[in-house]
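So this one's query18.csv, CSV, C-alpha atoms:
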```csv
chain,number,residue,atom,x,y,z
A,1,MET,CA,-13.6,-0.1,9.2
A,2,LYS,CA,-11.7,0.1,12.5
A,3,ILE,CA,-8.0,0.0,13.1
A,4,SER,CA,-7.2,-1.1,16.6
A,5,ASN,CA,-4.1,-1.5,18.8
A,6,ASN,CA,-5.9,-3.7,21.1
A,7,TYR,CA,-3.4,-6.2,22.3
A,8,LYS,CA,-6.1,-8.5,23.6
A,9,LEU,CA,-7.1,-9.0,20.0
A,10,ILE,CA,-3.5,-9.6,19.0
A,11,LEU,CA,-3.1,-12.2,21.7
A,12,SER,CA,-6.3,-13.9,20.8
A,13,ALA,CA,-5.2,-14.1,17.2
A,14,ILE,CA,-1.9,-15.7,18.2
A,15,VAL,CA,-3.7,-18.2,20.4
A,16,PHE,CA,-6.0,-19.0,17.5
A,17,PHE,CA,-3.1,-19.5,15.1
A,18,LEU,CA,-1.0,-21.5,17.6
A,19,SER,CA,-3.9,-23.9,17.9
A,20,SER,CA,-3.1,-25.2,14.4
A,21,ALA,CA,-0.5,-27.7,13.4
A,22,SER,CA,1.9,-25.0,12.4
A,23,VAL,CA,3.0,-24.5,16.0
A,24,TYR,CA,5.2,-27.6,15.7
A,25,SER,CA,7.5,-26.0,13.2
A,26,TYR,CA,9.5,-22.8,12.8
A,27,PRO,CA,8.9,-20.6,11.0
A,28,PRO,CA,5.2,-21.4,10.9
A,29,ASP,CA,3.3,-21.6,7.6
A,30,ASN,CA,1.4,-18.4,8.3
A,31,ALA,CA,3.3,-15.1,8.4
A,32,ALA,CA,0.7,-13.4,10.5
A,33,ILE,CA,1.8,-15.4,13.5
A,34,LEU,CA,5.2,-13.7,13.3
A,35,TYR,CA,3.8,-10.3,12.6
A,36,TYR,CA,1.7,-10.4,15.7
A,37,LYS,CA,4.7,-11.7,17.6
A,38,ALA,CA,6.8,-8.9,16.4
A,39,ALA,CA,4.2,-6.4,17.5
A,40,MET,CA,4.5,-7.8,21.1
A,41,LEU,CA,8.3,-7.8,21.0
A,42,TYR,CA,8.5,-4.2,19.7
A,43,ALA,CA,9.9,-1.8,22.3
A,44,PRO,CA,8.3,1.6,21.5
A,45,ASP,CA,9.8,5.0,22.1
A,46,GLU,CA,7.6,7.9,20.9
A,47,LYS,CA,10.5,10.4,20.6
A,48,ILE,CA,12.6,8.0,18.4
A,49,GLU,CA,9.6,6.9,16.4
A,50,LYS,CA,9.1,10.5,15.3
A,51,VAL,CA,12.8,10.5,14.2
A,52,LEU,CA,12.2,7.2,12.3
A,53,ASP,CA,9.2,8.8,10.6
A,54,ASP,CA,11.4,11.6,9.4
A,55,PHE,CA,14.2,9.2,8.5
A,56,SER,CA,11.8,7.2,6.3
A,57,LYS,CA,11.0,10.1,4.1
A,58,GLU,CA,12.4,10.1,0.6
A,59,THR,CA,14.2,13.4,1.2
A,60,ALA,CA,15.8,12.3,4.4
A,61,ASP,CA,19.5,12.9,4.6
A,62,PHE,CA,21.6,10.4,6.5
A,63,SER,CA,23.9,13.1,7.8
A,64,LYS,CA,21.1,15.2,9.3
A,65,ALA,CA,19.4,12.4,11.2
A,66,ASN,CA,20.3,11.5,14.8
A,67,ILE,CA,22.1,8.3,13.7
A,68,ASP,CA,23.4,7.3,17.1
A,69,LYS,CA,20.0,7.3,18.7
A,70,ILE,CA,18.5,5.5,15.7
A,71,ARG,CA,21.3,2.9,15.9
A,72,GLU,CA,20.5,2.3,19.6
A,73,PHE,CA,16.8,2.0,18.9
A,74,VAL,CA,17.4,-0.4,16.0
A,75,SER,CA,19.7,-2.5,18.2
A,76,LYS,CA,17.2,-2.5,21.0
A,77,ASN,CA,14.6,-3.9,18.6
A,78,ARG,CA,16.8,-6.5,16.8
A,79,SER,CA,14.5,-9.3,17.8
A,80,THR,CA,11.5,-7.5,16.3
A,81,ILE,CA,13.4,-6.9,13.1
A,82,ASP,CA,14.6,-10.6,12.9
A,83,THR,CA,11.0,-11.7,13.4
A,84,LEU,CA,9.7,-9.4,10.7
A,85,LEU,CA,12.4,-10.7,8.3
A,86,ASP,CA,11.4,-14.3,9.0
A,87,ALA,CA,7.7,-13.4,8.4
A,88,ALA,CA,8.6,-11.9,5.1
A,89,GLU,CA,9.9,-15.2,3.8
A,90,ILE,CA,6.6,-17.1,4.4
A,91,LYS,CA,4.3,-17.3,1.4
A,92,ASN,CA,1.0,-17.4,3.2
A,93,CYS,CA,-0.3,-14.6,5.4
A,94,ASP,CA,-3.8,-15.0,7.0
A,95,TRP,CA,-4.4,-12.2,9.6
A,96,GLY,CA,-7.4,-14.0,11.1
A,97,LEU,CA,-9.8,-11.1,10.5
A,98,ASP,CA,-13.5,-11.5,11.0
A,99,TYR,CA,-14.9,-10.3,7.7
A,100,SER,CA,-18.4,-11.0,8.8
A,101,GLN,CA,-18.2,-7.8,10.9
A,102,GLY,CA,-18.1,-5.8,7.7
A,103,LEU,CA,-17.5,-2.1,8.3
A,104,GLU,CA,-17.0,-2.7,12.0
A,105,MET,CA,-14.2,-5.2,11.5
A,106,GLU,CA,-11.2,-4.8,13.9
A,107,MET,CA,-7.8,-4.7,12.2
A,108,PRO,CA,-5.2,-4.8,14.9
A,109,GLN,CA,-2.3,-5.5,12.5
A,110,LEU,CA,-2.6,-2.2,10.7
A,111,GLY,CA,-2.1,-0.1,13.9
A,112,ASN,CA,1.4,-1.6,14.5
A,113,ILE,CA,2.8,-2.5,11.1
A,114,ARG,CA,3.8,1.0,10.0
A,115,LYS,CA,6.0,1.6,13.1
A,116,MET,CA,7.7,-1.8,12.5
A,117,VAL,CA,8.2,-0.9,8.8
A,118,TYR,CA,10.0,2.3,9.8
A,119,LEU,CA,12.2,0.2,12.0
A,120,VAL,CA,13.3,-2.1,9.1
A,121,LEU,CA,13.7,1.0,6.8
A,122,ALA,CA,16.0,2.6,9.4
A,123,ASP,CA,18.0,-0.6,9.6
A,124,ALA,CA,18.4,-0.7,5.8
A,125,LYS,CA,19.5,2.9,5.6
A,126,ILE,CA,22.1,2.5,8.4
A,127,LEU,CA,23.4,-0.7,6.7
A,128,ALA,CA,23.8,1.4,3.5
A,129,LYS,CA,25.5,4.2,5.4
A,130,ASP,CA,28.0,1.7,6.7
A,131,GLY,CA,28.6,0.3,3.2
A,132,ASN,CA,26.7,-2.9,3.7
A,133,TYR,CA,24.8,-2.4,0.5
A,134,GLU,CA,23.9,-6.0,-0.2
A,135,THR,CA,22.3,-6.5,3.2
A,136,ALA,CA,20.6,-3.1,2.9
A,137,LEU,CA,19.0,-4.1,-0.4
A,138,SER,CA,18.0,-7.5,1.1
A,139,ARG,CA,16.1,-5.6,3.8
A,140,CYS,CA,14.2,-3.7,1.0
A,141,ILE,CA,13.3,-7.0,-0.7
A,142,SER,CA,11.8,-8.1,2.7
A,143,LEU,CA,9.9,-4.9,2.9
A,144,TYR,CA,8.4,-5.4,-0.6
A,145,LYS,CA,7.2,-8.8,0.6
A,146,ILE,CA,5.8,-7.3,3.8
A,147,ALA,CA,3.9,-4.8,1.7
A,148,ARG,CA,2.3,-7.7,-0.2
A,149,HIS,CA,1.5,-9.5,3.1
A,150,ILE,CA,-0.2,-6.3,4.4
A,151,ASN,CA,-2.5,-6.3,1.3
A,152,ASP,CA,-5.8,-8.0,2.1
A,153,ARG,CA,-9.4,-8.1,1.1
A,154,ILE,CA,-10.0,-4.5,2.3
A,155,ILE,CA,-8.9,-1.3,0.5
A,156,VAL,CA,-7.3,0.4,3.6
A,157,ALA,CA,-4.9,-2.6,3.8
A,158,HIS,CA,-4.1,-2.3,0.1
A,159,LEU,CA,-3.4,1.4,0.5
A,160,LEU,CA,-1.1,0.7,3.5
A,161,GLY,CA,0.7,-1.9,1.4
A,162,ILE,CA,1.1,0.8,-1.4
A,163,ALA,CA,2.6,3.2,1.2
A,164,VAL,CA,5.1,0.6,2.4
A,165,ASN,CA,6.0,-0.2,-1.2
A,166,GLY,CA,6.6,3.5,-1.9
A,167,LYS,CA,8.7,4.0,1.1
A,168,THR,CA,10.8,1.0,0.1
A,169,ASN,CA,11.2,2.3,-3.5
A,170,PHE,CA,12.6,5.6,-2.2
A,171,CYS,CA,15.0,3.7,0.1
A,172,VAL,CA,16.1,1.5,-2.9
A,173,MET,CA,16.7,4.7,-4.9
A,174,GLN,CA,18.9,6.1,-2.2
A,175,ILE,CA,20.9,2.8,-1.9
A,176,LEU,CA,21.4,2.4,-5.6
A,177,SER,CA,22.5,6.1,-5.8
A,178,SER,CA,25.1,5.6,-3.1
A,179,MET,CA,26.6,2.2,-3.9
A,180,PRO,CA,29.2,1.2,-6.4
A,181,GLN,CA,27.5,-0.4,-9.4
A,182,ASP,CA,28.7,-3.9,-10.1
A,183,ILE,CA,27.0,-6.3,-12.4
A,184,GLN,CA,26.6,-9.2,-9.9
A,185,SER,CA,24.8,-7.1,-7.3
A,186,LEU,CA,22.6,-5.5,-9.9
A,187,SER,CA,21.8,-8.8,-11.6
A,188,ARG,CA,20.9,-10.2,-8.2
A,189,MET,CA,18.6,-7.2,-7.4
A,190,LYS,CA,17.0,-7.6,-10.9
A,191,ASN,CA,16.2,-11.2,-10.2
A,192,GLN,CA,14.9,-10.5,-6.7
A,193,LEU,CA,12.6,-7.8,-8.1
A,194,ALA,CA,11.3,-10.3,-10.7
A,195,GLU,CA,10.4,-12.6,-7.8
A,196,ILE,CA,8.6,-9.7,-6.1
A,197,ASP,CA,6.7,-9.0,-9.3
A,198,SER,CA,5.4,-12.6,-9.3
A,199,ILE,CA,3.7,-12.1,-6.0
A,200,PRO,CA,0.1,-10.8,-6.4
A,201,PHE,CA,-0.4,-7.2,-5.3
A,202,LEU,CA,-3.8,-6.5,-6.5
A,203,VAL,CA,-6.3,-3.7,-5.7
A,204,LYS,CA,-9.4,-5.5,-6.9
A,205,PRO,CA,-9.8,-7.8,-3.8
A,206,GLY,CA,-9.8,-4.7,-1.6
A,207,LEU,CA,-12.4,-2.9,-3.8
A,208,LEU,CA,-14.6,-6.0,-3.7
A,209,GLY,CA,-14.0,-6.4,0.0
A,210,ASP,CA,-15.3,-2.9,0.6
A,211,ARG,CA,-18.3,-3.5,-1.6
A,212,ASP,CA,-19.1,-6.7,0.3
A,213,ALA,CA,-18.7,-4.9,3.6
A,214,ILE,CA,-21.4,-2.5,2.6
A,215,LEU,CA,-23.6,-5.3,1.1
A,216,MET,CA,-23.5,-7.2,4.5
A,217,PHE,CA,-25.5,-4.3,6.0
A,218,MET,CA,-27.8,-3.8,3.1
A,219,THR,CA,-30.5,-6.1,4.5
A,220,PRO,CA,-33.7,-5.2,6.3
A,221,GLU,CA,-32.3,-6.6,9.5
A,222,ARG,CA,-29.0,-4.8,9.4
A,223,ILE,CA,-29.6,-1.6,7.4
A,224,SER,CA,-29.8,0.6,10.6
A,225,ASP,CA,-26.4,-0.7,11.9
A,226,GLY,CA,-24.9,-0.2,8.4
A,227,VAL,CA,-26.0,3.4,8.2
A,228,THR,CA,-24.7,4.1,11.7
A,229,SER,CA,-21.3,2.4,10.9
A,230,GLY,CA,-21.0,4.2,7.5
A,231,VAL,CA,-21.8,7.6,9.0
A,232,ALA,CA,-19.3,7.1,11.8
A,233,PHE,CA,-16.7,6.3,9.1
A,234,LEU,CA,-17.6,9.4,7.0
A,235,GLN,CA,-18.0,11.7,9.9
A,236,GLU,CA,-14.5,11.7,11.3
A,237,GLY,CA,-15.5,13.8,14.3
A,238,GLU,CA,-17.3,16.4,12.2
A,239,PRO,CA,-21.0,17.1,12.2
A,240,LEU,CA,-23.0,15.7,9.2
A,241,SER,CA,-24.4,18.1,6.6
A,242,LYS,CA,-28.1,18.5,6.3
A,243,GLU,CA,-27.9,16.8,2.9
A,244,LEU,CA,-26.2,13.7,4.3
A,245,ASN,CA,-28.5,13.5,7.3
A,246,ALA,CA,-31.5,13.7,4.9
A,247,ALA,CA,-30.0,11.0,2.7
A,248,CYS,CA,-29.4,8.7,5.7
A,249,GLU,CA,-33.0,9.2,6.8
A,250,LYS,CA,-34.2,8.1,3.4
A,251,ILE,CA,-32.1,4.9,3.5
A,252,LEU,CA,-33.4,4.0,6.9
A,253,SER,CA,-37.0,4.2,5.5
A,254,PHE,CA,-36.3,1.7,2.8
A,255,ASP,CA,-38.4,-1.4,2.7
A,256,ALA,CA,-37.0,-4.8,1.6
A,257,ALA,CA,-37.7,-4.2,-2.1
A,258,ALA,CA,-35.9,-0.8,-2.0
A,259,ILE,CA,-32.9,-2.3,-0.2
A,260,GLU,CA,-32.6,-5.1,-2.8
A,261,ARG,CA,-32.7,-2.5,-5.6
A,262,SER,CA,-30.0,-0.5,-3.8
A,263,ARG,CA,-27.9,-3.7,-3.5
A,264,LYS,CA,-28.2,-4.2,-7.3
A,265,TYR,CA,-27.2,-0.6,-8.0
A,266,LEU,CA,-24.1,-0.9,-5.9
A,267,GLU,CA,-23.1,-4.2,-7.5
A,268,ASN,CA,-23.5,-2.8,-11.0
A,269,PHE,CA,-21.5,0.3,-9.9
A,270,TYR,CA,-18.6,-1.9,-8.8
A,271,VAL,CA,-18.8,-3.9,-12.1
A,272,GLY,CA,-18.0,-0.7,-13.8
A,273,VAL,CA,-15.3,0.3,-11.3
A,274,ILE,CA,-13.5,-3.0,-11.6
A,275,ALA,CA,-13.5,-2.7,-15.4
A,276,ALA,CA,-12.1,0.8,-15.2
A,277,PHE,CA,-9.2,-0.3,-13.1
A,278,ASP,CA,-8.1,-2.5,-16.0
A,279,MET,CA,-8.1,0.5,-18.4
A,280,PRO,CA,-5.2,2.8,-19.3
A,281,TYR,CA,-4.9,5.6,-16.7
A,282,GLN,CA,-6.6,8.5,-18.5
A,283,GLN,CA,-9.4,6.3,-19.8
A,284,GLY,CA,-9.9,4.5,-16.5
A,285,TYR,CA,-9.9,7.7,-14.4
A,286,THR,CA,-12.5,9.2,-16.8
A,287,ALA,CA,-14.7,6.1,-16.5
A,288,ILE,CA,-14.5,6.1,-12.7
A,289,ASP,CA,-15.3,9.8,-12.6
A,290,ASP,CA,-18.3,9.2,-14.9
A,291,LEU,CA,-19.6,6.4,-12.7
A,292,ILE,CA,-19.3,8.6,-9.5
A,293,HIS,CA,-21.0,11.5,-11.2
A,294,LYS,CA,-23.8,9.3,-12.5
A,295,ALA,CA,-24.5,7.9,-9.0
A,296,ALA,CA,-24.4,11.4,-7.5
A,297,THR,CA,-26.7,12.9,-10.1
A,298,GLU,CA,-29.2,10.0,-10.1
A,299,SER,CA,-29.4,10.0,-6.3
A,300,ASP,CA,-31.4,13.2,-6.5
A,301,THR,CA,-34.3,11.4,-8.3
A,302,ASN,CA,-33.5,7.7,-7.9
A,303,PRO,CA,-33.5,6.4,-4.3
A,304,ASP,CA,-31.7,3.2,-5.5
A,305,ALA,CA,-28.5,5.3,-6.1
A,306,ILE,CA,-28.4,7.1,-2.7
A,307,LEU,CA,-26.4,4.5,-0.7
A,308,THR,CA,-23.9,4.1,-3.5
A,309,ALA,CA,-23.5,7.9,-3.9
A,310,ILE,CA,-22.8,8.3,-0.1
A,311,PHE,CA,-20.7,5.3,0.8
A,312,ARG,CA,-18.4,4.7,-2.2
A,313,PRO,CA,-14.7,5.4,-1.4
A,314,ALA,CA,-12.5,8.0,-3.1
A,315,LEU,CA,-12.1,5.7,-6.2
A,316,GLY,CA,-10.3,8.3,-8.4
A,317,LYS,CA,-7.6,8.9,-5.8
A,318,ILE,CA,-7.2,5.2,-5.2
A,319,PHE,CA,-6.8,4.6,-9.0
A,320,SER,CA,-4.2,7.4,-9.1
A,321,LEU,CA,-2.3,5.9,-6.1
A,322,VAL,CA,-2.2,2.5,-7.7
A,323,THR,CA,-0.9,4.0,-10.9
A,324,ARG,CA,1.7,6.1,-9.1
A,325,SER,CA,2.9,3.0,-7.2
A,326,GLN,CA,3.2,0.8,-10.3
A,327,THR,CA,4.9,3.6,-12.2
A,328,HIS,CA,7.4,4.0,-9.4
A,329,ASN,CA,8.1,0.3,-9.5
A,330,ASN,CA,8.7,0.6,-13.2
A,331,ALA,CA,11.2,3.4,-12.7
A,332,ILE,CA,13.2,1.3,-10.3
A,333,ARG,CA,13.3,-1.6,-12.8
A,334,THR,CA,14.2,0.7,-15.6
A,335,ALA,CA,17.0,2.3,-13.5
A,336,ILE,CA,18.5,-1.1,-12.7
A,337,GLU,CA,18.8,-1.8,-16.5
A,338,LEU,CA,20.6,1.5,-16.9
A,339,TYR,CA,22.9,0.8,-14.0
A,340,MET,CA,23.7,-2.6,-15.5
A,341,ILE,CA,24.6,-0.9,-18.8
A,342,LYS,CA,26.9,1.5,-16.9
A,343,ALA,CA,28.5,-1.5,-15.1
A,344,LYS,CA,29.1,-3.3,-18.4
A,345,THR,CA,30.2,-0.5,-20.6
A,346,GLY,CA,31.5,2.1,-18.1
A,347,LYS,CA,29.0,4.7,-19.2
A,348,LEU,CA,25.2,5.4,-19.3
A,349,PRO,CA,23.5,5.0,-22.6
A,350,GLU,CA,22.7,8.2,-24.6
A,351,GLU,CA,19.1,7.1,-25.1
A,352,LEU,CA,16.7,4.9,-23.2
A,353,PRO,CA,16.7,1.3,-24.5
A,354,ALA,CA,13.5,0.0,-26.0
A,355,ASP,CA,11.1,-2.4,-24.2
A,356,LEU,CA,11.7,-1.2,-20.7
A,357,PRO,CA,8.9,-0.6,-18.1
A,358,GLY,CA,7.4,2.8,-18.6
A,359,ASP,CA,5.2,5.6,-17.3
A,360,LEU,CA,1.7,4.3,-16.7
A,361,PHE,CA,0.2,7.8,-16.4
A,362,SER,CA,0.8,8.3,-20.2
A,363,GLY,CA,1.3,4.7,-21.3
A,364,LYS,CA,4.6,5.8,-22.8
A,365,PRO,CA,8.3,5.3,-21.9
A,366,PHE,CA,9.9,7.5,-19.3
A,367,ASP,CA,11.6,10.7,-20.5
A,368,TYR,CA,15.3,10.0,-19.9
A,369,GLU,CA,17.8,12.7,-19.1
A,370,LYS,CA,21.5,12.2,-18.2
A,371,THR,CA,22.8,14.6,-15.5
A,372,SER,CA,26.2,15.5,-14.3
A,373,ASN,CA,26.0,12.8,-11.6
A,374,GLY,CA,23.5,10.3,-12.8
A,375,PHE,CA,20.1,10.4,-14.6
A,376,ILE,CA,16.5,11.3,-14.3
A,377,LEU,CA,13.4,9.3,-15.4
A,378,CYS,CA,10.4,11.6,-15.9
A,379,CYS,CA,6.8,10.7,-16.5
A,380,GLN,CA,5.2,12.0,-19.7
A,381,GLY,CA,1.7,12.1,-18.2
A,382,LYS,CA,0.2,14.0,-15.3
A,383,GLU,CA,-1.7,12.7,-12.3
A,384,ILE,CA,-5.3,13.8,-12.7
A,385,GLY,CA,-6.5,16.0,-9.8
A,386,THR,CA,-3.0,17.2,-8.8
A,387,ASP,CA,-1.4,18.0,-12.2
A,388,LYS,CA,1.8,16.5,-10.8
A,389,ILE,CA,4.4,15.0,-13.2
A,390,TYR,CA,6.5,12.6,-11.3
A,391,GLN,CA,10.2,12.2,-11.8
A,392,TYR,CA,12.8,9.9,-10.3
A,393,GLU,CA,16.4,11.0,-9.9
A,394,PHE,CA,19.2,8.4,-9.6
A,395,LYS,CA,22.9,9.1,-9.0
A,396,VAL,CA,25.8,7.1,-10.3
A,397,LYS,CA,29.0,6.3,-8.5
```
Would you kindly transcribe this structure into structure tokens?
Amino acid sequence: MKISNNYKLILSAIVFFLSSASVYSYPPDNAAILYYKAAMLYAPDEKIEKVLDDFSKETADFSKANIDKIREFVSKNRSTIDTLLDAAEIKNCDWGLDYSQGLEMEMPQLGNIRKMVYLVLADAKILAKDGNYETALSRCISLYKIARHINDRIIVAHLLGIAVNGKTNFCVMQILSSMPQDIQSLSRMKNQLAEIDSIPFLVKPGLLGDRDAILMFMTPERISDGVTSGVAFLQEGEPLSKELNAACEKILSFDAAAIERSRKYLENFYVGVIAAFDMPYQQGYTAIDDLIHKAATESDTNPDAILTAIFRPALGKIFSLVTRSQTHNNAIRTAIELYMIKAKTGKLPEELPADLPGDLFSGKPFDYEKTSNGFILCCQGKEIGTDKIYQYEFKVK
């Protein structure tokens, strides 16, 4: 699938949206209108954008960043930020994408949203640096909502939504670690996060969208275009291997009956994948790995499996990313409960209270360790493929 910065497409989308009745009210009832507007308002600066990229990282130190230049850039783009904040409060977000294009669908919104997210993150961090913690946290709540607006019926959009959600989680950790903990602010944040959790942020529509994008081309009339688009997606500027070339040649030789059997194989493959995404992490990852191995092995002797073996996405990595994102969310929510105990009693608990959100890699509660200046929440399970054990450090004022 294509990601485009084509402003003609953006303008066309705005014209399309403005042809509806929503033009007569502000804000409109479709957040996409405002996101496209924000993209046109945004005043880019490549040098500062690199600084903002660094500033968005979880390890970024306020004192080491070029704060004055960031402040100036944020101020210059205040209208962009205000438009994004308005968009975040709108429930509906229809990007006006042409899903009938399948793998060739243009997605102009994804090319610009990351830069604008970095802008709002910078605003939040500067607000926190200046002691405006409540407003800084409200920016983060808006970013959580933006992440859910980004999520769409395509997996690349869901993954970008996860990335935005993760950046926001790290920003929240920094703000919580630097602000005085008072029960009112923490209770407000807890309630706002409960609202965020009520907004669907599901990976399944993206998985099914990618499946459907492939199925659109699995017809006698479109199979050639589908193979060409799929190969372009896989190639990424590199020459194809002999094996992949040979597999593509086989697919192009399929008759209508063979194409129909390939469609059924792909559909059954995704039935198994969707079921695996509902399983606990270790079990689900193994199920996905088995499905992929089965398709790859069968493709040597069963032509029906070839297309599935070639064009399926990196499902194991996607499952791990989803699990990592949800686990990080749980760490934030658990930390707020601990901060609230500290605000009420004057000290952190000696043990982690029961019934708090836990580590989805293991299906168990986080390991909890008090430190000299706060606490650490550590996963008990590893991420498969990387052997990483994630931990989240929070400081206490």
Per residue of region 311-397 of chain A within 9 Å of region 190-197 of chain A, note the shortest atom pair and the distance in Å to one decimal, counting all atoms listed in the file, and order the rows by chain and increasing residue number, as a tab-separated table.
```
residue	atom	partner	partner_atom	distance
A:Arg333	CA	A:Lys190	CA	7.3
A:Ile336	CA	A:Lys190	CA	6.9
A:Glu337	CA	A:Lys190	CA	8.3
```
Near region 383-387 of chain A, 10 Å: region 253-370 of chain A residue rows, closest pairs, all atoms listed in the file, as JSON lines:
```
{"residue": "A:Tyr281", "atom": "CA", "partner": "A:Glu383", "partner_atom": "CA", "distance": 8.9}
{"residue": "A:Gln282", "atom": "CA", "partner": "A:Ile384", "partner_atom": "CA", "distance": 8.0}
{"residue": "A:Tyr285", "atom": "CA", "partner": "A:Ile384", "partner_atom": "CA", "distance": 7.8}
{"residue": "A:Thr286", "atom": "CA", "partner": "A:Ile384", "partner_atom": "CA", "distance": 9.5}
{"residue": "A:Gly316", "atom": "CA", "partner": "A:Ile384", "partner_atom": "CA", "distance": 8.6}
{"residue": "A:Lys317", "atom": "CA", "partner": "A:Gly385", "partner_atom": "CA", "distance": 8.2}
{"residue": "A:Ser320", "atom": "CA", "partner": "A:Glu383", "partner_atom": "CA", "distance": 6.7}
{"residue": "A:Leu321", "atom": "CA", "partner": "A:Glu383", "partner_atom": "CA", "distance": 9.2}
{"residue": "A:Thr323", "atom": "CA", "partner": "A:Glu383", "partner_atom": "CA", "distance": 8.8}
{"residue": "A:Arg324", "atom": "CA", "partner": "A:Glu383", "partner_atom": "CA", "distance": 8.1}
{"residue": "A:Phe361", "atom": "CA", "partner": "A:Glu383", "partner_atom": "CA", "distance": 6.7}
{"residue": "A:Ser362", "atom": "CA", "partner": "A:Glu383", "partner_atom": "CA", "distance": 9.4}
```
Counting all atoms listed in the file, figure out which residue out of A:Lys57, A:Ile48, A:Ala88, A:Ala331 gets nearest to Ala32 (chain A).
A:Ala88
Would you mind listing what lies within 6 Å of Ala136 (chain A) as a list of chain:residue names, with only C-alpha atoms counted and same-chain residues fewer than 4 positions away left out?
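Near Ala136 (chain A), the qualifying residues are A:Ala124, A:Leu127, A:Ala128.
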Selected residues written out with C-alpha atoms, as a PDB file, keeping the file's coordinate frame:
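Output below, filename again_18.pdb:
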```pdb
ATOM      1  CA  ALA A 124      18.400  -0.700   5.800  1.00  0.00           C
ATOM      2  CA  LEU A 127      23.400  -0.700   6.700  1.00  0.00           C
ATOM      3  CA  ALA A 128      23.800   1.400   3.500  1.00  0.00           C
TER       4      ALA A 128
END
```
Atomic separation - CA of Cys378 (chain A) relative to CA of Met179 (chain A), Å:
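We find that CA of Met179 (chain A) and CA of Cys378 (chain A) lie 22.2 Å from each other.
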Which is closer to Ile81 (chain A) than all the others in A:Ala39, A:Ala246, A:Ala287, A:Leu252, using only C-alpha atoms?
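Among the listed residues, the smallest separation from Ile81 (chain A) belongs to A:Ala39.
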I need the residue nearest Asp123 (chain A) from this list: A:Thr80, A:Asn302, A:Gln380, A:Gln109. Use all atoms listed in the file for the distance.
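Looking only at the distances to Asp123 (chain A), the closest residue turns out to be A:Thr80.
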Which one of A:Val322, A:Ala213, A:Met173, A:Leu244 sits closest to Ile306 (chain A) if you count all atoms listed in the file?
A:Leu244
Please check which residues have atoms at most 10 Å from (16.0, 1.0, -0.1) in the file's coordinates, counting all atoms listed in the file, and write them as a PDB file with C-alpha atoms, in the frame of the given file.
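Written output follows (result_20.pdb):
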```pdb
ATOM      1  CA  SER A  56      11.800   7.200   6.300  1.00  0.00           C
ATOM      2  CA  GLU A  58      12.400  10.100   0.600  1.00  0.00           C
ATOM      3  CA  LEU A 121      13.700   1.000   6.800  1.00  0.00           C
ATOM      4  CA  ALA A 122      16.000   2.600   9.400  1.00  0.00           C
ATOM      5  CA  ALA A 124      18.400  -0.700   5.800  1.00  0.00           C
ATOM      6  CA  LYS A 125      19.500   2.900   5.600  1.00  0.00           C
ATOM      7  CA  ALA A 128      23.800   1.400   3.500  1.00  0.00           C
ATOM      8  CA  TYR A 133      24.800  -2.400   0.500  1.00  0.00           C
ATOM      9  CA  ALA A 136      20.600  -3.100   2.900  1.00  0.00           C
ATOM     10  CA  LEU A 137      19.000  -4.100  -0.400  1.00  0.00           C
ATOM     11  CA  SER A 138      18.000  -7.500   1.100  1.00  0.00           C
ATOM     12  CA  ARG A 139      16.100  -5.600   3.800  1.00  0.00           C
ATOM     13  CA  CYS A 140      14.200  -3.700   1.000  1.00  0.00           C
ATOM     14  CA  ILE A 141      13.300  -7.000  -0.700  1.00  0.00           C
ATOM     15  CA  LEU A 143       9.900  -4.900   2.900  1.00  0.00           C
ATOM     16  CA  TYR A 144       8.400  -5.400  -0.600  1.00  0.00           C
ATOM     17  CA  GLY A 166       6.600   3.500  -1.900  1.00  0.00           C
ATOM     18  CA  LYS A 167       8.700   4.000   1.100  1.00  0.00           C
ATOM     19  CA  THR A 168      10.800   1.000   0.100  1.00  0.00           C
ATOM     20  CA  ASN A 169      11.200   2.300  -3.500  1.00  0.00           C
ATOM     21  CA  PHE A 170      12.600   5.600  -2.200  1.00  0.00           C
ATOM     22  CA  CYS A 171      15.000   3.700   0.100  1.00  0.00           C
ATOM     23  CA  VAL A 172      16.100   1.500  -2.900  1.00  0.00           C
ATOM     24  CA  MET A 173      16.700   4.700  -4.900  1.00  0.00           C
ATOM     25  CA  GLN A 174      18.900   6.100  -2.200  1.00  0.00           C
ATOM     26  CA  ILE A 175      20.900   2.800  -1.900  1.00  0.00           C
ATOM     27  CA  LEU A 176      21.400   2.400  -5.600  1.00  0.00           C
TER      28      LEU A 176
END
```
Need the shell around region 221-228 of chain A: protein/DNA/RNA residues with any atom at most 10 Å away, counting all atoms listed in the file. Skip same-chain ones fewer than 2 positions apart. Format as a list in words?
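Contacts, with the query itself left out: Gly102, Leu103, Glu104, Ala213, Ile214, Leu215, Met216, Phe217, Met218, Thr219, Gly230, Val231, Ala232, Phe233, Cys248, Glu249, Ile251, Leu252, Ser253, Phe254, Asp255, Ala256, Ile259, Leu307 and Phe311 of chain A.
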Quick one: distance from CA of Lys364 (chain A) to CA of Gly206 (chain A) in Å, one decimal?
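A separation of 27.7 Å between them.
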For the atom pair CA of Phe319 (chain A) and CA of Phe269 (chain A), what is the interatomic distance in Å to one decimal place?
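Result for CA of Phe319 (chain A) versus CA of Phe269 (chain A): 15.3 Å, one decimal.
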Any idea what's packed within 10 Å of Arg114 (chain A), counting all atoms listed in the file, ignoring anything in its chain fewer than 6 positions away? Could you give it as a ChimeraX atom specification?
/A:53,160-161,163-164
Smallest atom-to-atom distance to Gly363 (chain A): which of A:Gln391, A:Pro349, A:Pro280, A:Gln326, using all atoms listed in the file?
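Nearest to Gly363 (chain A): A:Pro280.
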